[in-house]
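Contents: one structure, followed by commentary.
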Amino acid sequence: MLRSLIPGALALTALLAAGPALAQDTAEAAETVTRVADETGFILNTFLFLFAGVLVMWMAAGFSMLESGLVRTKNTATICLKNVTLYALGGIMYYLVGYNLMYVDVTGWIGSLSLFYNPSSAELALLDGDESMLAAVLEGGYTIMSDWFFQMVFVATAASIVSGAVAERVKLGPFLVFVILLTGFLYPIQGSWTWGAGWLDAMGFSDYAGSTIVHSAGGWAALTGAIIIGARKGKYGPDGKVNPIPGANLPLATLGTLILWMGWFGFNGASALAMDSAAVMVEMSLVFANTNLAAAGGVVTAVVLTTLIYKKVDLTMALNGALAGLVSITAGPDVGNPLLAIIIGAVGGLIVVVTVPLLDRFKIDDVVGAVPVHLFAGIWGTLAVAIFGDADFFVQIIGILAIGGFMAVTSSIAWLAIKAVMGLRVSEEEEALGLDRSELGLEAYPEFAQGARSL
Amino acid sequence: MLRSLIPGALALTALLAAGPALAQDTAEAAETVTRVADETGFILNTFLFLFAGVLVMWMAAGFSMLESGLVRTKNTATICLKNVTLYALGGIMYYLVGYNLMYVDVTGWIGSLSLFYNPSSAELALLDGDESMLAAVLEGGYTIMSDWFFQMVFVATAASIVSGAVAERVKLGPFLVFVILLTGFLYPIQGSWTWGAGWLDAMGFSDYAGSTIVHSAGGWAALTGAIIIGARKGKYGPDGKVNPIPGANLPLATLGTLILWMGWFGFNGASALAMDSAAVMVEMSLVFANTNLAAAGGVVTAVVLTTLIYKKVDLTMALNGALAGLVSITAGPDVGNPLLAIIIGAVGGLIVVVTVPLLDRFKIDDVVGAVPVHLFAGIWGTLAVAIFGDADFFVQIIGILAIGGFMAVTSSIAWLAIKAVMGLRVSEEEEALGLDRSELGLEAYPEFAQGARSL
Amino acid sequence: MLRSLIPGALALTALLAAGPALAQDTAEAAETVTRVADETGFILNTFLFLFAGVLVMWMAAGFSMLESGLVRTKNTATICLKNVTLYALGGIMYYLVGYNLMYVDVTGWIGSLSLFYNPSSAELALLDGDESMLAAVLEGGYTIMSDWFFQMVFVATAASIVSGAVAERVKLGPFLVFVILLTGFLYPIQGSWTWGAGWLDAMGFSDYAGSTIVHSAGGWAALTGAIIIGARKGKYGPDGKVNPIPGANLPLATLGTLILWMGWFGFNGASALAMDSAAVMVEMSLVFANTNLAAAGGVVTAVVLTTLIYKKVDLTMALNGALAGLVSITAGPDVGNPLLAIIIGAVGGLIVVVTVPLLDRFKIDDVVGAVPVHLFAGIWGTLAVAIFGDADFFVQIIGILAIGGFMAVTSSIAWLAIKAVMGLRVSEEEEALGLDRSELGLEAYPEFAQGARSL
């Protein structure tokens, strides 16, 4: 064990006590010890970003499967295509402009409008063997591109939230244009306010891994989209009756939820942004435990409440309960007492059970429940940091309103502009036929016969 | 931070420059070097638990998909709900009481009956910036909650084993009550005997990652449940004929198996409980290789044997062969020769092929083969440590019998008590209709037409 | 490397020696500092192999789901069985002979023809507590079996490539015999030329993570197999008409693609083979970012091109575009400018869109598009290292031709020999009935009614 070094260190002590050493060599020796620690910390921090980035990247599969399971068969291939393509576009846009807008030279309200985010010249020189660059590289605490990778997967998450809400009627091309705007500009600009050390950060707004910055931001884009595009044909009867349109493949939706649950350990777990000290490991461990327990609290609440209210357990609600629990804990997963995490998650589960029917009352057709899960539970989670943690309640409200207002307004403008230029919605015939045939010219399950229940 | 060593290193510099230094400074320098090693080890150990815990958490998705694929469509949503909810309940119960019963103040037969398992006050103080707590925190070797997280996912595995065996006829509520008892009390109590440093550990019982403590324990709960609840209607004809009830979605079952295989690298791989020395990395690497080869041995054996016996390869048997290989190696994955891992896994595969029909002869209806895979292969794996490794054969038998006896008796009592109070089984009409409609009021695949072959 | 600290430690030694210290203590102190760095590096390198190996192992599930989604329902269980079994066989063969042929005592053209690859005696002694073996163990830089594990999962990838191309008509047993030859002999022998430090490596052939060595090698085996076995009945009409045979379950194919994308971070990301210095972390971070961006480039290109050419977006092409982007970047994922990675991946996407119809013109029936994705994009990726990186164009061509020639010839001989001895193809009746019933005696989706569109 590294700990078995203790005898060796004692020998070193004895030795050091022994003699009058030369100052120059001495400094060099001290630097050596310091550099070992520095370089080890640098390695660990960088690895954390890469490891956790993979977990969050994996959430793209989670959203794909969740949404594939909750739409109808005739729109399943399209939702798969949307999710894969939005992840691809999000990455490219975040490389081209997004990261710079969010993190580079942030003035308070916006970062740098420059192209590309690349390794530093010091890094490239080190890679080419110029060891004199080591100190300059270590200065950053982690590599440039590992940080980019970890931040990039977050923007993809925000975009994934939208695709589920507007599924089954939005046209493919216009949706992808919205994704380009969202991942390249809207998300990064509001993100710069807090994580880019902008004005909200200066105020003390507290949003650990993004209940508001990622989930509510995506949720607002989803909500405005669902309203502007309008409900699916047949979802709401002329008499105000709500017609349930069940998801076509619930095991896939379950898989998607468990993938998201898994990915959230990267999402929240690495948002300490370091793993180079015992203290940060204490924090990270707490975050893992709390993240898991909040999701558990959301599931149990949804299961109990749907049993009480509807006399039947609703699997979809249970899955969304898990996700709402996860979103709720995301603003403050480092709360010191895990019991609070269970409670915070449980309230998230309650919010979903209550607000899913509420949206239907307003005839807002959110196919997968993205708005209750990501927007409403995200707001709750952000407030919970003030209630149970150290954040200032007033500042949290300012953050929620500022980001919400910005996202609601800019998303609406984006959706409306796209609508004016390209149109947003497929025709009635295409919607009835299903987007898979109209947009893709194929079927998700071509050999499987459709039952009578298919709408 | 390791970077916070810089002051320490500067102190070292000053000290070295001083020439004939003071003993006190000398000691400080030595402590600095020691602390670097200590803190690095602490970071690595903690990260191992978090990383591997995520892999084992992922096994919840593995069981969900495996069981979703092996039940009939009419019971698929219910098995999804059960798996998600049992994972949630398992985590909450293990936080509330389970961990304390298993690991805290174990008297030999049981741990502490106290509520909640939280970070230590030293950890919370360090998190608040009190650096004087560092030594106290490092003492533990890893963080409190990372250990909790890693142990928690094991209890969820034990519960997942049960859900498959009793699928397609057990009532949802009563099943979840059993899960609460299993994860909060039964599993932790028997677990304390070995992993809590109780009486079996004192005897020298050897079960590296839980062939007996996790898999057989879950297997006994599954077996007693399957017997007490009884077989599915139609599974066994009045003339003793066994009617095969094929699983509805074999790609999902395949996916589930591969997820479990992946998760097992966390399950076995991190059960060295440290990664702070070269020696432990040698062990861990051996464990990864052996775990993979044992699964491979199980697959190949099942493929060959079913070809020889039935003239057809049986995919379900191949999947269960992989799982049996994994369970078999779990008690001793650190065996020094990987060839032995192949053999141990191959015997596991053989056990499954032989005992699946055997259970049917006794009209024990285990829907997914959980008892052969987890109980029988688990017993074999525990014995294999005596045959191929250093364990004492007699002690291994005592452990198998003690844990088996405890789990069989307490599980039976739990099932029977629940049966008396709430009933365990859905009505015949509900069973024929499918649990998805009777318990959940929905369908897993609502748009897909059912073929004639559906039972 | 942290090991590059050794000079620093020597300076410390000199310094310490300067006072009136004892030479013996001095040396011991220096050794202590050096050993900390060495051991930490050893731990990190080993962990990297294990972590990344799990990600690449997971690609077995990716191929399983991709292929399950792209074949017809009547052949789905068989493709699942093939994928699980080939992963099992690949691991066993690589343990028995493959690793030795590829990495041990490579003469230039082939390694050692000896059985088993086991931990070293120094490692086993250290594991038994003999601390004097530590230095000998640290010498290797990582553990023996972690290296085996990481290399083993690559051979499985090569074999997975084949199963998709020859799906829906190859007999199970003969296919598995081919897998044994491929993973035990063909892949390792050509792999030894570069990664075993053989003649291609000496020439300067550059293939970072295996565009040629893994993907093209597997692609040649797939291509020769597809040609020798012949097209599926009904795929090509007598008039030369190409009948599309759509995949049966596109969400599974999407899941498979995203699994592969995830796994590729292990595949490329750990091919730096170390994480013990800041420099290597810079490289690894670049590899992660580039890998992701190349896949994204492939997706976007395929989406845009299919829209332009066919007026419909093709989901299957988009998925194969992602994979082609990934294969393309695999030979040089450490290119210094991520913009180049997007371009390299985009060309990969273009290659797939262009060459999938091309194969059909030659009546080569590659069920999942494995040849365009792995062989053609692999060749492109290998050339791209010369175009955009430091490799020599001429040497890259030699490597492509040498490995391609070897694999084409030996694979053809293997397929033809198996055909002569066992036959390669199921009968026409069996093919019409589906391999699931003829080879396995079961169905992948027994309860789901088949629609009229089923071929």
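Every chain in the structure tokens takes a letter, A first, then B, and so on in the order presented; its residues are numbered from 1, and the ligands are numbered from 1 following the presented order.
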
Write out as CSV a residue-level contact list of chain B versus chain C with cut-off 7 Å: for each qualifying residue the closest pair of atoms and the distance in Å to one decimal, counting only C-alpha atoms, rows sorted by chain and residue number upward.
```
residue,atom,partner,partner_atom,distance
B:Ala248,CA,C:Tyr445,CA,5.2
B:Asn249,CA,C:Tyr445,CA,5.0
B:Leu250,CA,C:Ala444,CA,4.9
B:Pro251,CA,C:Cys80,CA,6.5
B:Thr254,CA,C:Cys80,CA,6.5
B:Leu255,CA,C:Ala61,CA,6.3
B:Leu258,CA,C:Ala61,CA,6.0
B:Met262,CA,C:Trp58,CA,6.5
B:Ser277,CA,C:Ile43,CA,6.7
B:Ala278,CA,C:Ile43,CA,6.0
B:Ala279,CA,C:Leu127,CA,5.5
B:Met281,CA,C:Ile43,CA,6.4
B:Val282,CA,C:Thr143,CA,5.7
B:Glu283,CA,C:Leu127,CA,6.7
B:Ser285,CA,C:Ser146,CA,4.9
B:Leu286,CA,C:Met145,CA,5.8
B:Ala289,CA,C:Phe149,CA,5.9
B:Leu293,CA,C:Ile92,CA,6.5
B:Ala296,CA,C:Ala88,CA,4.1
B:Val299,CA,C:Thr85,CA,6.5
B:Val300,CA,C:Thr85,CA,6.8
B:Lys312,CA,C:Leu440,CA,5.1
B:Val313,CA,C:Leu440,CA,5.1
B:Asp314,CA,C:Leu440,CA,5.9
B:Leu315,CA,C:Leu81,CA,5.7
B:Asn337,CA,C:Asn118,CA,6.7
B:Pro338,CA,C:Asn118,CA,6.9
B:Phe448,CA,C:Phe448,CA,6.7
B:Ala449,CA,C:Ala449,CA,5.6
B:Gln450,CA,C:Phe448,CA,4.9
B:Gly451,CA,C:Ala449,CA,4.0
B:Arg453,CA,C:Glu447,CA,5.7
B:Ser454,CA,C:Glu447,CA,4.8
```

As an MDAnalysis selection string, please: all residues of stretch 40-266 of chain B that backbone DSSP puts in helix (DSSP H, G or I).
-> chainID B and resid 40:70 73:103 121:127 131:139 144:165 172:194 199:203 211:229 250:266

Using only C-alpha atoms, which residues sit within 9 Å of stretch 188-198 of chain A once same-chain residues fewer than 3 positions away are excluded, as a CSV table (one decimal) with all heavy atoms, in the first residue's frame?
```csv
chain,number,residue,atom,x,y,z
A,94,TYR,N,-21.3,22.6,-29.9
A,94,TYR,CA,-20.6,22.9,-28.6
A,94,TYR,C,-19.1,23.1,-28.9
A,94,TYR,O,-18.5,23.9,-28.2
A,94,TYR,CB,-20.9,21.9,-27.6
A,94,TYR,CG,-20.8,22.5,-26.2
A,94,TYR,CD1,-21.7,23.4,-25.7
A,94,TYR,CD2,-19.8,22.0,-25.3
A,94,TYR,CE1,-21.6,23.9,-24.4
A,94,TYR,CE2,-19.7,22.5,-24.0
A,94,TYR,CZ,-20.6,23.5,-23.6
A,94,TYR,OH,-20.6,24.0,-22.3
A,97,VAL,N,-19.1,26.7,-31.3
A,97,VAL,CA,-19.3,27.9,-30.7
A,97,VAL,C,-19.8,27.8,-29.2
A,97,VAL,O,-19.5,28.7,-28.4
A,97,VAL,CB,-20.4,28.8,-31.4
A,97,VAL,CG1,-19.9,29.2,-32.8
A,97,VAL,CG2,-21.7,28.0,-31.5
A,98,GLY,N,-20.4,26.7,-28.8
A,98,GLY,CA,-21.1,26.7,-27.5
A,98,GLY,C,-20.2,26.8,-26.3
A,98,GLY,O,-20.4,27.7,-25.4
A,99,TYR,N,-19.1,26.1,-26.3
A,99,TYR,CA,-18.2,26.1,-25.2
A,99,TYR,C,-17.7,27.5,-25.0
A,99,TYR,O,-17.6,28.0,-23.9
A,99,TYR,CB,-17.1,25.1,-25.3
A,99,TYR,CG,-16.3,25.0,-24.0
A,99,TYR,CD1,-16.5,24.0,-23.1
A,99,TYR,CD2,-15.3,25.9,-23.8
A,99,TYR,CE1,-15.8,24.0,-21.9
A,99,TYR,CE2,-14.5,25.9,-22.6
A,99,TYR,CZ,-14.8,24.9,-21.7
A,99,TYR,OH,-14.1,24.8,-20.5
A,100,ASN,N,-17.3,28.1,-26.1
A,100,ASN,CA,-16.7,29.5,-26.0
A,100,ASN,C,-17.7,30.5,-25.4
A,100,ASN,O,-17.4,31.3,-24.6
A,100,ASN,CB,-16.2,30.0,-27.4
A,100,ASN,CG,-14.9,29.3,-27.8
A,100,ASN,OD1,-14.1,29.0,-26.9
A,100,ASN,ND2,-14.8,29.0,-29.1
A,101,LEU,N,-19.0,30.4,-25.9
A,101,LEU,CA,-20.0,31.3,-25.4
A,101,LEU,C,-20.3,31.1,-23.9
A,101,LEU,O,-20.7,32.0,-23.2
A,101,LEU,CB,-21.3,31.0,-26.1
A,101,LEU,CG,-21.5,31.7,-27.5
A,101,LEU,CD1,-22.7,31.3,-28.1
A,101,LEU,CD2,-21.5,33.2,-27.3
A,102,MET,N,-20.0,29.9,-23.4
A,102,MET,CA,-20.4,29.5,-22.0
A,102,MET,C,-19.2,29.8,-21.0
A,102,MET,O,-19.5,30.1,-19.9
A,102,MET,CB,-20.9,28.1,-22.0
A,102,MET,CG,-21.4,27.7,-20.6
A,102,MET,SD,-22.6,26.3,-20.9
A,102,MET,CE,-22.8,25.7,-19.2
A,103,TYR,N,-18.0,29.5,-21.5
A,103,TYR,CA,-16.9,29.5,-20.5
A,103,TYR,C,-15.7,30.4,-20.8
A,103,TYR,O,-14.9,30.6,-19.9
A,103,TYR,CB,-16.4,28.0,-20.4
A,103,TYR,CG,-17.3,27.1,-19.6
A,103,TYR,CD1,-18.1,26.2,-20.3
A,103,TYR,CD2,-17.4,27.3,-18.2
A,103,TYR,CE1,-18.9,25.3,-19.6
A,103,TYR,CE2,-18.2,26.4,-17.5
A,103,TYR,CZ,-19.0,25.5,-18.2
A,103,TYR,OH,-19.8,24.6,-17.5
A,104,VAL,N,-15.6,30.9,-22.0
A,104,VAL,CA,-14.4,31.7,-22.3
A,104,VAL,C,-14.7,33.2,-22.3
A,104,VAL,O,-15.6,33.7,-22.9
A,104,VAL,CB,-13.9,31.3,-23.7
A,104,VAL,CG1,-12.7,32.1,-24.1
A,104,VAL,CG2,-13.5,29.8,-23.8
A,105,ASP,N,-13.9,33.9,-21.5
A,105,ASP,CA,-14.0,35.4,-21.4
A,105,ASP,C,-15.5,35.8,-21.1
A,105,ASP,O,-16.0,36.7,-21.8
A,105,ASP,CB,-13.5,36.0,-22.7
A,105,ASP,CG,-12.1,35.7,-22.9
A,105,ASP,OD1,-11.3,35.4,-22.0
A,105,ASP,OD2,-11.7,35.7,-24.1
A,106,VAL,N,-16.1,35.2,-20.1
A,106,VAL,CA,-17.5,35.6,-19.8
A,106,VAL,C,-17.5,37.0,-19.2
A,106,VAL,O,-16.8,37.2,-18.2
A,106,VAL,CB,-18.1,34.5,-18.9
A,106,VAL,CG1,-19.5,35.0,-18.5
A,106,VAL,CG2,-18.2,33.2,-19.6
A,107,THR,N,-18.3,37.8,-19.8
A,107,THR,CA,-18.4,39.2,-19.3
A,107,THR,C,-19.3,39.4,-18.2
A,107,THR,O,-19.4,40.4,-17.6
A,107,THR,CB,-18.9,40.1,-20.4
A,107,THR,OG1,-20.2,39.7,-20.8
A,107,THR,CG2,-18.0,40.1,-21.6
A,108,GLY,N,-20.1,38.4,-17.9
A,108,GLY,CA,-21.2,38.5,-16.9
A,108,GLY,C,-22.4,37.9,-17.5
A,108,GLY,O,-23.2,37.2,-16.9
A,109,TRP,N,-22.7,38.3,-18.8
A,109,TRP,CA,-23.9,37.9,-19.4
A,109,TRP,C,-23.6,36.9,-20.6
A,109,TRP,O,-24.6,36.3,-21.1
A,109,TRP,CB,-24.7,39.1,-19.9
A,109,TRP,CG,-25.2,39.9,-18.8
A,109,TRP,CD1,-24.5,40.8,-18.1
A,109,TRP,CD2,-26.5,39.7,-18.2
A,109,TRP,NE1,-25.4,41.3,-17.0
A,109,TRP,CE2,-26.6,40.7,-17.1
A,109,TRP,CE3,-27.6,39.0,-18.5
A,109,TRP,CZ2,-27.7,40.8,-16.3
A,109,TRP,CZ3,-28.8,39.1,-17.7
A,109,TRP,CH2,-28.8,40.0,-16.6
A,110,ILE,N,-22.4,36.9,-21.1
A,110,ILE,CA,-22.2,36.1,-22.3
A,110,ILE,C,-20.7,35.9,-22.4
A,110,ILE,O,-19.9,36.7,-22.0
A,110,ILE,CB,-22.8,36.7,-23.6
A,110,ILE,CG1,-22.8,35.7,-24.7
A,110,ILE,CG2,-22.0,38.0,-23.9
A,110,ILE,CD1,-23.6,36.2,-25.9
A,111,GLY,N,-20.3,34.7,-23.0
A,111,GLY,CA,-18.8,34.5,-23.2
A,111,GLY,C,-18.4,35.0,-24.6
A,111,GLY,O,-19.0,35.9,-25.2
A,155,VAL,N,-24.9,19.6,-22.5
A,155,VAL,CA,-25.7,20.3,-23.5
A,155,VAL,C,-26.6,19.3,-24.3
A,155,VAL,O,-27.7,19.6,-24.6
A,155,VAL,CB,-24.8,21.2,-24.4
A,155,VAL,CG1,-24.1,20.4,-25.5
A,155,VAL,CG2,-25.7,22.2,-25.2
A,182,LEU,N,-30.4,25.7,-29.9
A,182,LEU,CA,-30.3,25.5,-28.4
A,182,LEU,C,-28.9,25.1,-27.9
A,182,LEU,O,-28.5,25.7,-26.9
A,182,LEU,CB,-31.3,24.3,-28.1
A,182,LEU,CG,-31.4,23.8,-26.6
A,182,LEU,CD1,-31.9,24.9,-25.8
A,182,LEU,CD2,-32.2,22.6,-26.5
A,183,THR,N,-28.3,24.2,-28.6
A,183,THR,CA,-27.0,23.7,-28.1
A,183,THR,C,-25.9,24.7,-28.5
A,183,THR,O,-24.9,24.7,-27.7
A,183,THR,CB,-26.7,22.3,-28.7
A,183,THR,OG1,-26.7,22.4,-30.2
A,183,THR,CG2,-27.7,21.3,-28.3
A,184,GLY,N,-26.0,25.4,-29.5
A,184,GLY,CA,-24.9,26.3,-29.9
A,184,GLY,C,-25.0,27.7,-29.2
A,184,GLY,O,-24.0,28.3,-28.9
A,185,PHE,N,-26.3,28.1,-28.9
A,185,PHE,CA,-26.4,29.5,-28.4
A,185,PHE,C,-27.2,29.6,-27.1
A,185,PHE,O,-26.8,30.1,-26.1
A,185,PHE,CB,-27.0,30.3,-29.5
A,185,PHE,CG,-26.2,30.3,-30.7
A,185,PHE,CD1,-26.5,29.4,-31.8
A,185,PHE,CD2,-25.1,31.1,-30.9
A,185,PHE,CE1,-25.8,29.4,-32.9
A,185,PHE,CE2,-24.3,31.1,-32.0
A,185,PHE,CZ,-24.7,30.2,-33.1
A,201,ASP,N,-23.7,33.7,-10.8
A,201,ASP,CA,-22.7,33.1,-9.9
A,201,ASP,C,-22.2,34.2,-8.9
A,201,ASP,O,-22.0,33.9,-7.7
A,201,ASP,CB,-21.5,32.6,-10.8
A,201,ASP,CG,-20.4,32.0,-9.9
A,201,ASP,OD1,-20.8,31.0,-9.2
A,201,ASP,OD2,-19.3,32.4,-9.9
A,202,ALA,N,-22.0,35.4,-9.4
A,202,ALA,CA,-21.5,36.5,-8.5
A,202,ALA,C,-22.6,36.7,-7.4
A,202,ALA,O,-22.2,37.1,-6.3
A,202,ALA,CB,-21.3,37.7,-9.3
A,203,MET,N,-23.8,36.5,-7.8
A,203,MET,CA,-24.9,36.7,-6.8
A,203,MET,C,-25.0,35.6,-5.8
A,203,MET,O,-25.6,35.7,-4.7
A,203,MET,CB,-26.2,36.7,-7.6
A,203,MET,CG,-26.8,38.1,-7.7
A,203,MET,SD,-28.5,37.8,-8.3
A,203,MET,CE,-29.3,39.3,-7.7
A,204,GLY,N,-24.4,34.4,-6.1
A,204,GLY,CA,-24.4,33.3,-5.2
A,204,GLY,C,-25.5,32.3,-5.6
A,204,GLY,O,-25.8,31.4,-4.8
A,205,PHE,N,-25.9,32.3,-6.8
A,205,PHE,CA,-26.9,31.3,-7.3
A,205,PHE,C,-26.3,29.9,-7.2
A,205,PHE,O,-25.1,29.7,-7.6
A,205,PHE,CB,-27.4,31.6,-8.7
A,205,PHE,CG,-28.4,30.6,-9.2
A,205,PHE,CD1,-29.6,30.4,-8.6
A,205,PHE,CD2,-28.1,29.9,-10.4
A,205,PHE,CE1,-30.6,29.5,-9.1
A,205,PHE,CE2,-29.1,29.0,-10.9
A,205,PHE,CZ,-30.3,28.8,-10.3
A,206,SER,N,-27.0,29.0,-6.6
A,206,SER,CA,-26.4,27.6,-6.3
A,206,SER,C,-27.2,26.6,-7.1
A,206,SER,O,-28.3,26.3,-6.9
A,206,SER,CB,-26.6,27.4,-4.8
A,206,SER,OG,-26.0,26.2,-4.5
A,207,ASP,N,-26.5,26.0,-8.0
A,207,ASP,CA,-27.1,24.9,-8.9
A,207,ASP,C,-26.0,23.9,-9.2
A,207,ASP,O,-25.4,23.9,-10.3
A,207,ASP,CB,-27.7,25.5,-10.1
A,207,ASP,CG,-28.6,24.5,-10.9
A,207,ASP,OD1,-28.8,23.4,-10.3
A,207,ASP,OD2,-29.1,24.8,-11.9
A,213,ILE,N,-30.1,24.9,-14.6
A,213,ILE,CA,-29.3,25.3,-15.8
A,213,ILE,C,-29.4,24.3,-16.9
A,213,ILE,O,-29.4,24.6,-18.1
A,213,ILE,CB,-27.8,25.5,-15.4
A,213,ILE,CG1,-27.7,26.6,-14.4
A,213,ILE,CG2,-26.9,25.7,-16.5
A,213,ILE,CD1,-26.4,26.7,-13.6
A,214,VAL,N,-29.5,23.0,-16.6
A,214,VAL,CA,-29.7,22.0,-17.6
A,214,VAL,C,-31.2,21.5,-17.7
A,214,VAL,O,-31.8,21.6,-18.8
A,214,VAL,CB,-28.8,20.7,-17.3
A,214,VAL,CG1,-29.0,19.7,-18.4
A,214,VAL,CG2,-27.4,21.1,-17.2
A,217,ALA,N,-33.9,24.5,-18.0
A,217,ALA,CA,-33.6,25.1,-19.3
A,217,ALA,C,-34.1,24.3,-20.4
A,217,ALA,O,-34.9,24.8,-21.3
A,217,ALA,CB,-32.1,25.4,-19.4
A,399,GLY,N,-32.5,33.3,-9.9
A,399,GLY,CA,-31.9,32.4,-10.9
A,399,GLY,C,-33.0,31.6,-11.7
A,399,GLY,O,-32.9,31.6,-12.9
A,402,ALA,N,-34.8,34.2,-13.9
A,402,ALA,CA,-33.9,34.8,-15.0
A,402,ALA,C,-33.7,33.7,-16.1
A,402,ALA,O,-33.9,34.0,-17.3
A,402,ALA,CB,-32.6,35.2,-14.4
A,403,ILE,N,-33.3,32.5,-15.6
A,403,ILE,CA,-33.0,31.5,-16.6
A,403,ILE,C,-34.3,31.1,-17.3
A,403,ILE,O,-34.4,30.9,-18.5
A,403,ILE,CB,-32.3,30.3,-16.0
A,403,ILE,CG1,-30.9,30.8,-15.6
A,403,ILE,CG2,-32.3,29.1,-16.9
A,403,ILE,CD1,-30.1,29.7,-14.8
A,406,PHE,N,-35.4,33.9,-19.7
A,406,PHE,CA,-34.5,33.9,-20.9
A,406,PHE,C,-34.9,32.7,-21.8
A,406,PHE,O,-35.0,32.8,-23.0
A,406,PHE,CB,-33.1,33.8,-20.5
A,406,PHE,CG,-32.1,33.7,-21.6
A,406,PHE,CD1,-31.8,34.8,-22.4
A,406,PHE,CD2,-31.6,32.4,-22.0
A,406,PHE,CE1,-30.9,34.6,-23.5
A,406,PHE,CE2,-30.7,32.3,-23.0
A,406,PHE,CZ,-30.4,33.4,-23.8
A,407,MET,N,-35.0,31.5,-21.2
A,407,MET,CA,-35.2,30.3,-22.0
A,407,MET,C,-36.6,30.4,-22.7
A,407,MET,O,-36.8,30.0,-23.8
A,407,MET,CB,-35.0,29.0,-21.2
A,407,MET,CG,-33.6,28.7,-20.9
A,407,MET,SD,-32.5,28.6,-22.4
A,407,MET,CE,-33.3,27.3,-23.3
```

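Least-squares superposition puts chain C on chain A with a C-alpha RMSD of 2.9 Å, counting every Cα pair in order.
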
C:Gly321, C:Gly369, C:Gly404, C:Gly336: which is nearest C:Ser163, counting only C-alpha atoms?
-> C:Gly369

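For the atom pair formed by atom CA of A:Gly345 and atom CA of A:Ile400, the distance is 18.8 Å, given to one decimal.
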
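For the set A:Ile387, A:Ala417, A:Leu48, A:Met93, the residue with the smallest atom-to-atom gap to A:Gly266 is A:Leu48, counting only C-alpha atoms.
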
Which polymer residues have any atom within 8 Å of an atom of C:Ala370, counting only C-alpha atoms, with same-chain residues fewer than 4 positions away left out, as number ranges by chain?
-> C: 161-162, 164-165, 219, 222, 366, 374-375

Please produce an output containing N, CA, C and O atoms for each residue in the selection, written as a CSV table (one decimal), in the first residue's frame.
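The result, written out as result_14.csv:
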```csv
chain,number,residue,atom,x,y,z
C,161,ILE,N,-17.8,-8.3,-35.8
C,161,ILE,CA,-18.0,-7.7,-37.1
C,161,ILE,C,-18.5,-8.7,-38.2
C,161,ILE,O,-19.3,-8.4,-39.0
C,162,VAL,N,-18.0,-9.9,-38.0
C,162,VAL,CA,-18.3,-11.0,-39.0
C,162,VAL,C,-19.7,-11.4,-38.9
C,162,VAL,O,-20.4,-11.6,-39.9
C,164,GLY,N,-22.6,-10.2,-38.2
C,164,GLY,CA,-23.6,-9.4,-38.8
C,164,GLY,C,-23.6,-9.6,-40.4
C,164,GLY,O,-24.7,-9.7,-41.0
C,165,ALA,N,-22.5,-9.6,-41.0
C,165,ALA,CA,-22.4,-9.7,-42.4
C,165,ALA,C,-23.0,-11.0,-43.0
C,165,ALA,O,-23.6,-11.0,-44.0
C,219,GLY,N,-13.4,-6.9,-41.1
C,219,GLY,CA,-14.2,-6.6,-42.3
C,219,GLY,C,-13.8,-7.5,-43.5
C,219,GLY,O,-14.7,-7.9,-44.2
C,222,ALA,N,-15.4,-10.7,-42.8
C,222,ALA,CA,-16.8,-10.6,-43.1
C,222,ALA,C,-17.1,-10.6,-44.6
C,222,ALA,O,-18.0,-11.3,-45.1
C,366,ASP,N,-24.4,-8.1,-47.5
C,366,ASP,CA,-23.9,-7.9,-46.1
C,366,ASP,C,-25.0,-7.3,-45.3
C,366,ASP,O,-25.4,-6.1,-45.4
C,374,HIS,N,-16.8,-1.2,-41.4
C,374,HIS,CA,-15.5,-1.6,-40.8
C,374,HIS,C,-14.4,-1.8,-41.8
C,374,HIS,O,-13.2,-1.4,-41.4
C,375,LEU,N,-14.6,-2.3,-43.0
C,375,LEU,CA,-13.5,-2.5,-43.9
C,375,LEU,C,-13.2,-1.2,-44.7
C,375,LEU,O,-12.1,-0.7,-44.6
```
